[in-house]
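**Student:** This is the structure I have questions about; it appears just below.
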Amino acid sequence: MMPGITDVPSAGEPGLSTTAERKIVTASAGEAPGKDWVIVARGLTREYDMGGEIVRALRGVDIAIRRNEYVAIMGPSGSGKSTLMNLIGCLDTPTAGEYWLNGMLVSDMNDDELARIRNREIGFVFQTFNLLPRASALHNVELPLVYGGVPGAERRKRAEEALDSVGLSDRKLHRPNELSGGQRQRVAIARALVNRPSILLADEPTGNLDSTTSAEIMNVFEQLAESGQTVIMVTHEAEIAAHAKRVVVLRDGMVESDDRREKFAARISG
Amino acid sequence: MHLLDAIRLAFQTLRVQKLKSFFTLVGVTIGVMFLIAVVSIVEGMGSYMENDFVAKLIGTNTFQLRRFPSISDASESEWREWVRRPRITFDDAKEVAAALPPGAMWSVESSDNIAIESRFSRPRELEASAVDGDYFRIRNMEVAQGRLISPQELALGSRVVVIGQEIATRFFPRLNPIGRTLKVGGTSYEVIGVAAKQGSIFGISLDRFVIAPASSPLQRIVNPHGLIDGMKVKMPTTEGMFDTRETVRQVMRARHKLRPSQPDNFVMETSESALEFWKKIEGNLVIAGVILPAIALIVGALVIMNIMLVAVSERTREIGIRKAIGAKYRDILAQFLVEATTLSIIGAAIGVALGIILSQAIAALSPLPASVAPWSIITGILVGAGVGVVAGVYPASRAARLDPIVALRAE
Ligand SMILES: Nc1ncnc2c1ncn2[C@@H]1O[C@H](COP(=O)(O)OP(=O)(O)O)[C@@H](O)[C@H]1O
Ligand SMILES: [Mg+2]
């Protein structure tokens, strides 16, 4: 839960941080956004049919994210963060609305096309790491390249480079259960980056880590964002969200606020 | 994902789950093992029948004129008709022999178990044959010692015999039998030849015989009143076979005074007609021999399917991870199909090895000759692969259809 958000009225137009973003999302439906925009969601809606009762997890979310942005998505439990993550990560398709990823209209794609997009464009980092327990760190990192059809030798080389970049050169052949939580999350980050995705999508990446390790992992994200990687992170912790340059707050399936970090920080410190 | 990656993955999983994998293979292994063993035994018997048994019994380009078939699975009523048929006589044989084209060979033979004794051994009932015509040439029989019965001796009914190797060692232990006396049915015969070794069929020795001229006293004991068991005709080539059989048929129909509407009341057996009987048994053996392994294979398939279903539910999370990372429907399908198929091919390969060992053991410990057919090995492996694919399809498609979000939430 996030004390403070509800009683502080949001400054300016809620939901969109700049005019350019407002323009791109309110453009007529079906209009492909320009090259700068990695993510454009227009009126994104996701409903679940629970045996006749309709649960409206997302009720018309408008979001536009530029290349190289570092964005945190916040909100109380049940506000629709995971649902939005799944849609952005192309694991799910919306009930209504448009979702453009890198100029491609994802909302119309079938399962195999979605799998291809996930493989090429998305790098996932999960709260529970989600590594294959019986495979070595190296093999875990190679996996996206296996499904991307990258030949064996190149696969290995790129996986080793990715592990080097997260500082795990000496743990390549270890299995997940032989690694610490922080090391596991580094393997997961290496795996997410190995296919050079358009966006790095992290869902509560520090949720299972102690505070020291959390800081380390947040450092890794910070460096990645600085080097030009687009990062989108879901978290319910304001401190973690404060690492991002931009914070989107969800409530009841809608965007409650969408601000620069400074503005967000000012608001929650009240 | 490439097939090679899928196969590597399958082996990885099998290595980790050795015990479970072992139990998974057992059904397929047993099925394929029995399949190989049964096919090998039937094949072995078959090639034996075709190459040895029938050739020894009848021979190529040869037919046998008989009252009724020598090997058959006749019904009760057929039997009753057969035993009413007139018997074949020496006079029939003479007239048939006279009608044969030049180059054709013929022989007559009547056999029975007769008391045989010598000065060196107690009497024993053993098979003795009274023969005439080109008997030795048709049988391709040669002597190891002494000589064969000459045409003159056949014509005169001389009291001479050619004996098999077992008879020689039994009645003349450590002696040269040539020139010695052998009593056949109470009549003294002079041993003039010992035949070359004939071997055995189904463990029954073929070297236990005594051959004497048909016009010698033996004939009256084995077959009274000028009757014979049968007559053999051998042609130099296959070409003349049909016409010669027709000629013989007409001679016999005339002698038996058959009206055109009446069927033959004799048979002319060739190796093919004797083989037909074998083919019939072989068919039944193969069917019986296939049902047993088939049941084992069905059980094996069900076991694999169940294990794979368990594997899919145990590895739901893994499937979710793979899908999130970009595995398509067919990647997951291939992964589990290849796993099931690899498993059952390994099972089948072990089954092939055990099946070969089993059939060799049967060949060594019983008179049944078993020869492993190369096609049965290939079939065994293919059957294994087929079982894997069939058993794997349902679990694999269940895995491939999983919703990645749901799968990622699994424990
Ligand atoms: N698969 C689902 N079936 C039905 N309802 C769902 C499903 N997933 C999420 N919801 C509902 O949608 C709403 C938003 O959930 P979620 O996106 O998980 O929120 P958050 O991640 O912010 O906690 C909640 O009311 C939740 O119960
Ligand atoms: Mg959630």
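A note on labels: chains of the structure tokens are A, B, ... as shown, every chain counts residues from 1, and ligands are counted from 1 in their shown order.
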Tell me, which residues of range 58-258 of chain A carry DSSP strand (DSSP E or B), written as a PyMOL selection string?
**Tutor:** chain A and resi 58-66+70-74+96-101+104-105+122-125+199-203+230-234+246-251+254-258
**Student:** For chain B against chain A, which residues fall within 6 Å using only C-alpha atoms, given as a ChimeraX atom specification?
**Tutor:** /B:1,325-328
**Student:** Any residue with an atom at most 10 Å from ligand 2 counts, using only C-alpha atoms and all ligand atoms. Which are they? Put them as a list in words.
**Tutor:** Gly75, Pro76, Ser77, Gly78, Ser79, Gly80, Lys81, Ser82, Thr83, Leu84, Met85, Asn86, Asp203, Glu204, Val234, Thr235 and His236 of chain A
**Student:** Using all heavy atoms, can you write the selected residues to a file as an mmCIF file, in the first residue's frame?
**Tutor:**
data_model
loop_
_atom_site.group_PDB
_atom_site.id
_atom_site.type_symbol
_atom_site.label_atom_id
_atom_site.label_comp_id
_atom_site.auth_asym_id
_atom_site.auth_seq_id
_atom_site.Cartn_x
_atom_site.Cartn_y
_atom_site.Cartn_z
ATOM 1 N N GLY A 75 1.290 1.071 -7.755
ATOM 2 C CA GLY A 75 -0.131 0.996 -7.468
ATOM 3 C C GLY A 75 -0.378 -0.028 -6.401
ATOM 4 O O GLY A 75 0.431 -0.950 -6.220
ATOM 5 N N PRO A 76 -1.488 0.112 -5.685
ATOM 6 C CA PRO A 76 -1.799 -0.859 -4.635
ATOM 7 C C PRO A 76 -2.140 -2.214 -5.230
ATOM 8 O O PRO A 76 -2.372 -2.333 -6.426
ATOM 9 C CB PRO A 76 -3.011 -0.243 -3.933
ATOM 10 C CG PRO A 76 -3.623 0.651 -4.937
ATOM 11 C CD PRO A 76 -2.520 1.158 -5.808
ATOM 12 N N SER A 77 -2.145 -3.216 -4.362
ATOM 13 C CA SER A 77 -2.476 -4.568 -4.799
ATOM 14 C C SER A 77 -3.854 -4.580 -5.455
ATOM 15 O O SER A 77 -4.787 -3.958 -4.955
ATOM 16 C CB SER A 77 -2.436 -5.486 -3.587
ATOM 17 O OG SER A 77 -2.781 -6.783 -3.980
ATOM 18 N N GLY A 78 -3.954 -5.267 -6.572
ATOM 19 C CA GLY A 78 -5.238 -5.363 -7.265
ATOM 20 C C GLY A 78 -5.514 -4.197 -8.186
ATOM 21 O O GLY A 78 -6.585 -4.139 -8.807
ATOM 22 N N SER A 79 -4.563 -3.267 -8.332
ATOM 23 C CA SER A 79 -4.799 -2.091 -9.169
ATOM 24 C C SER A 79 -4.617 -2.394 -10.658
ATOM 25 O O SER A 79 -4.992 -1.588 -11.504
ATOM 26 C CB SER A 79 -3.857 -0.963 -8.753
ATOM 27 O OG SER A 79 -2.518 -1.411 -8.864
ATOM 28 N N GLY A 80 -4.040 -3.557 -10.970
ATOM 29 C CA GLY A 80 -3.905 -3.937 -12.381
ATOM 30 C C GLY A 80 -2.470 -3.911 -12.892
ATOM 31 O O GLY A 80 -2.247 -4.000 -14.103
ATOM 32 N N LYS A 81 -1.480 -3.840 -11.994
ATOM 33 C CA LYS A 81 -0.077 -3.769 -12.413
ATOM 34 C C LYS A 81 0.341 -5.018 -13.207
ATOM 35 O O LYS A 81 0.911 -4.906 -14.285
ATOM 36 C CB LYS A 81 0.838 -3.648 -11.179
ATOM 37 C CG LYS A 81 0.618 -2.424 -10.329
ATOM 38 C CD LYS A 81 1.645 -2.333 -9.227
ATOM 39 C CE LYS A 81 1.621 -3.481 -8.233
ATOM 40 N NZ LYS A 81 0.411 -3.534 -7.384
ATOM 41 N N SER A 82 0.016 -6.180 -12.622
ATOM 42 C CA SER A 82 0.438 -7.421 -13.284
ATOM 43 C C SER A 82 -0.263 -7.574 -14.627
ATOM 44 O O SER A 82 0.343 -8.011 -15.616
ATOM 45 C CB SER A 82 0.128 -8.628 -12.403
ATOM 46 O OG SER A 82 0.875 -8.539 -11.219
ATOM 47 N N THR A 83 -1.534 -7.213 -14.651
ATOM 48 C CA THR A 83 -2.288 -7.308 -15.900
ATOM 49 C C THR A 83 -1.640 -6.423 -16.969
ATOM 50 O O THR A 83 -1.455 -6.854 -18.114
ATOM 51 C CB THR A 83 -3.750 -6.896 -15.666
ATOM 52 O OG1 THR A 83 -4.268 -7.687 -14.590
ATOM 53 C CG2 THR A 83 -4.585 -7.106 -16.901
ATOM 54 N N LEU A 84 -1.259 -5.226 -16.573
ATOM 55 C CA LEU A 84 -0.611 -4.314 -17.527
ATOM 56 C C LEU A 84 0.751 -4.855 -17.968
ATOM 57 O O LEU A 84 1.090 -4.808 -19.151
ATOM 58 C CB LEU A 84 -0.454 -2.925 -16.889
ATOM 59 C CG LEU A 84 0.153 -1.847 -17.802
ATOM 60 C CD1 LEU A 84 -0.698 -1.658 -19.057
ATOM 61 C CD2 LEU A 84 0.310 -0.527 -17.061
ATOM 62 N N MET A 85 1.493 -5.397 -17.009
ATOM 63 C CA MET A 85 2.785 -6.025 -17.322
ATOM 64 C C MET A 85 2.626 -7.122 -18.368
ATOM 65 O O MET A 85 3.402 -7.209 -19.310
ATOM 66 C CB MET A 85 3.348 -6.680 -16.056
ATOM 67 C CG MET A 85 4.233 -5.830 -15.215
ATOM 68 S SD MET A 85 5.805 -5.574 -16.013
ATOM 69 C CE MET A 85 6.513 -7.206 -15.807
ATOM 70 N N ASN A 86 1.636 -7.990 -18.148
ATOM 71 C CA ASN A 86 1.406 -9.103 -19.069
ATOM 72 C C ASN A 86 1.093 -8.604 -20.470
ATOM 73 O O ASN A 86 1.524 -9.198 -21.459
ATOM 74 C CB ASN A 86 0.272 -9.995 -18.567
ATOM 75 C CG ASN A 86 0.670 -10.753 -17.314
ATOM 76 O OD1 ASN A 86 1.855 -10.907 -17.033
ATOM 77 N ND2 ASN A 86 -0.325 -11.205 -16.551
ATOM 78 N N ASP A 203 9.314 -7.330 -13.031
ATOM 79 C CA ASP A 203 8.144 -7.391 -12.156
ATOM 80 C C ASP A 203 8.624 -7.623 -10.727
ATOM 81 O O ASP A 203 9.071 -8.719 -10.395
ATOM 82 C CB ASP A 203 7.231 -8.532 -12.626
ATOM 83 C CG ASP A 203 5.915 -8.545 -11.874
ATOM 84 O OD1 ASP A 203 5.690 -7.644 -11.037
ATOM 85 O OD2 ASP A 203 5.101 -9.456 -12.131
ATOM 86 N N GLU A 204 8.562 -6.594 -9.890
ATOM 87 C CA GLU A 204 9.035 -6.679 -8.505
ATOM 88 C C GLU A 204 10.396 -7.359 -8.431
ATOM 89 O O GLU A 204 10.559 -8.354 -7.716
ATOM 90 C CB GLU A 204 8.036 -7.494 -7.647
ATOM 91 C CG GLU A 204 6.618 -6.998 -7.686
ATOM 92 C CD GLU A 204 6.335 -5.909 -6.645
ATOM 93 O OE1 GLU A 204 7.292 -5.447 -5.982
ATOM 94 O OE2 GLU A 204 5.168 -5.529 -6.519
ATOM 95 N N VAL A 234 7.775 -2.947 -12.533
ATOM 96 C CA VAL A 234 6.581 -2.915 -11.693
ATOM 97 C C VAL A 234 7.017 -3.084 -10.247
ATOM 98 O O VAL A 234 7.836 -3.961 -9.947
ATOM 99 C CB VAL A 234 5.603 -4.044 -12.083
ATOM 100 C CG1 VAL A 234 4.542 -4.216 -11.008
ATOM 101 C CG2 VAL A 234 4.955 -3.748 -13.418
ATOM 102 N N THR A 235 6.509 -2.235 -9.381
ATOM 103 C CA THR A 235 6.848 -2.373 -7.965
ATOM 104 C C THR A 235 5.751 -1.748 -7.122
ATOM 105 O O THR A 235 5.000 -0.891 -7.602
ATOM 106 C CB THR A 235 8.208 -1.717 -7.646
ATOM 107 O OG1 THR A 235 8.484 -1.879 -6.267
ATOM 108 C CG2 THR A 235 8.202 -0.238 -7.995
ATOM 109 N N HIS A 236 5.638 -2.204 -5.893
ATOM 110 C CA HIS A 236 4.682 -1.531 -5.019
ATOM 111 C C HIS A 236 5.423 -0.698 -3.970
ATOM 112 O O HIS A 236 4.833 -0.073 -3.131
ATOM 113 C CB HIS A 236 3.725 -2.529 -4.371
ATOM 114 C CG HIS A 236 4.401 -3.468 -3.417
ATOM 115 N ND1 HIS A 236 4.972 -4.644 -3.845
ATOM 116 C CD2 HIS A 236 4.612 -3.386 -2.091
ATOM 117 C CE1 HIS A 236 5.509 -5.253 -2.809
ATOM 118 N NE2 HIS A 236 5.313 -4.516 -1.722
#
**Student:** Ala159 in chain A: which residues within 7 Å, counting only C-alpha atoms, same-chain residues fewer than 6 positions away excluded, as a VMD selection string?
**Tutor:** chain A and resid 138 141 to 142 194
**Student:** Restricting the calculation to only C-alpha atoms: of B:Val248, B:Ala168, B:Ala195, B:Val131, which residue gets closest to Ser215 in chain B?
**Tutor:** B:Val131
**Student:** Do you have, as CSV, the list of residues of chain B lying at most 12 Å from ligand 1, each with its nearest atom pair and that distance in Å to one decimal, counting only C-alpha atoms and all ligand atoms and ordered by chain then number?
**Tutor:**
residue,atom,partner,partner_atom_place_in_ligand_line,distance
B:Asp403,CA,ligand 1,1 (N),10.4
B:Pro404,CA,ligand 1,1 (N),11.4
B:Ile405,CA,ligand 1,1 (N),8.2
B:Val406,CA,ligand 1,1 (N),7.6
B:Ala407,CA,ligand 1,1 (N),11.4
B:Leu408,CA,ligand 1,1 (N),11.8
B:Arg409,CA,ligand 1,1 (N),10.2
**Student:** Which residues are close to Arg66 in chain A, i.e. within 6 Å by only C-alpha atoms, leaving aside same-chain residues fewer than 5 positions away? Reply as JSON, numbers by chain.
**Tutor:** {"A": [36, 37, 38]}
**Student:** Would you mind listing what lies within 8 Å of Thr93 in chain A as a ChimeraX atom specification, with only C-alpha atoms counted and same-chain residues fewer than 4 positions away left out?
**Tutor:** /A:87,106-108
**Student:** Please dump the current selection as a compact mmCIF listing (two decimals), in the first residue's frame; keep C-alpha atoms.
**Tutor:**
# COMPACT_ATOMS: atom_id res chain seq x y z
CA LEU A 87 -0.01 -6.95 -21.84
CA VAL A 106 0.59 -6.29 -30.92
CA SER A 107 -3.05 -6.31 -29.85
CA ASP A 108 -4.02 -8.16 -33.06
**Student:** What's the 8 Å shell around Gly392 in chain B, counting only C-alpha atoms, without same-chain residues fewer than 5 positions away, as a VMD selection string?
**Tutor:** chain B and resid 304 to 305 308 336 to 337 340 to 341
**Student:** Using N, CA and C atoms, can you write the selected residues to a file as an mmCIF file, in the first residue's frame?
**Tutor:**
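The resulting out_29.cif:
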data_model
loop_
_atom_site.group_PDB
_atom_site.id
_atom_site.type_symbol
_atom_site.label_atom_id
_atom_site.label_comp_id
_atom_site.auth_asym_id
_atom_site.auth_seq_id
_atom_site.Cartn_x
_atom_site.Cartn_y
_atom_site.Cartn_z
ATOM 1 N N ILE B 304 4.009 -44.478 -20.793
ATOM 2 C CA ILE B 304 4.738 -43.278 -21.247
ATOM 3 C C ILE B 304 3.812 -42.066 -21.238
ATOM 4 N N MET B 305 2.568 -42.265 -21.703
ATOM 5 C CA MET B 305 1.639 -41.142 -21.746
ATOM 6 C C MET B 305 1.399 -40.592 -20.345
ATOM 7 N N MET B 308 4.438 -38.817 -19.039
ATOM 8 C CA MET B 308 4.592 -37.527 -19.707
ATOM 9 C C MET B 308 3.569 -36.521 -19.170
ATOM 10 N N PHE B 336 8.385 -32.068 -25.824
ATOM 11 C CA PHE B 336 7.803 -33.216 -25.124
ATOM 12 C C PHE B 336 7.657 -34.432 -26.036
ATOM 13 N N LEU B 337 7.383 -34.182 -27.322
ATOM 14 C CA LEU B 337 7.303 -35.311 -28.255
ATOM 15 C C LEU B 337 8.660 -35.987 -28.380
ATOM 16 N N ALA B 340 9.373 -38.001 -25.241
ATOM 17 C CA ALA B 340 8.650 -39.277 -25.207
ATOM 18 C C ALA B 340 9.237 -40.249 -26.220
ATOM 19 N N THR B 341 9.566 -39.733 -27.407
ATOM 20 C CA THR B 341 10.066 -40.603 -28.465
ATOM 21 C C THR B 341 11.471 -41.107 -28.140
#
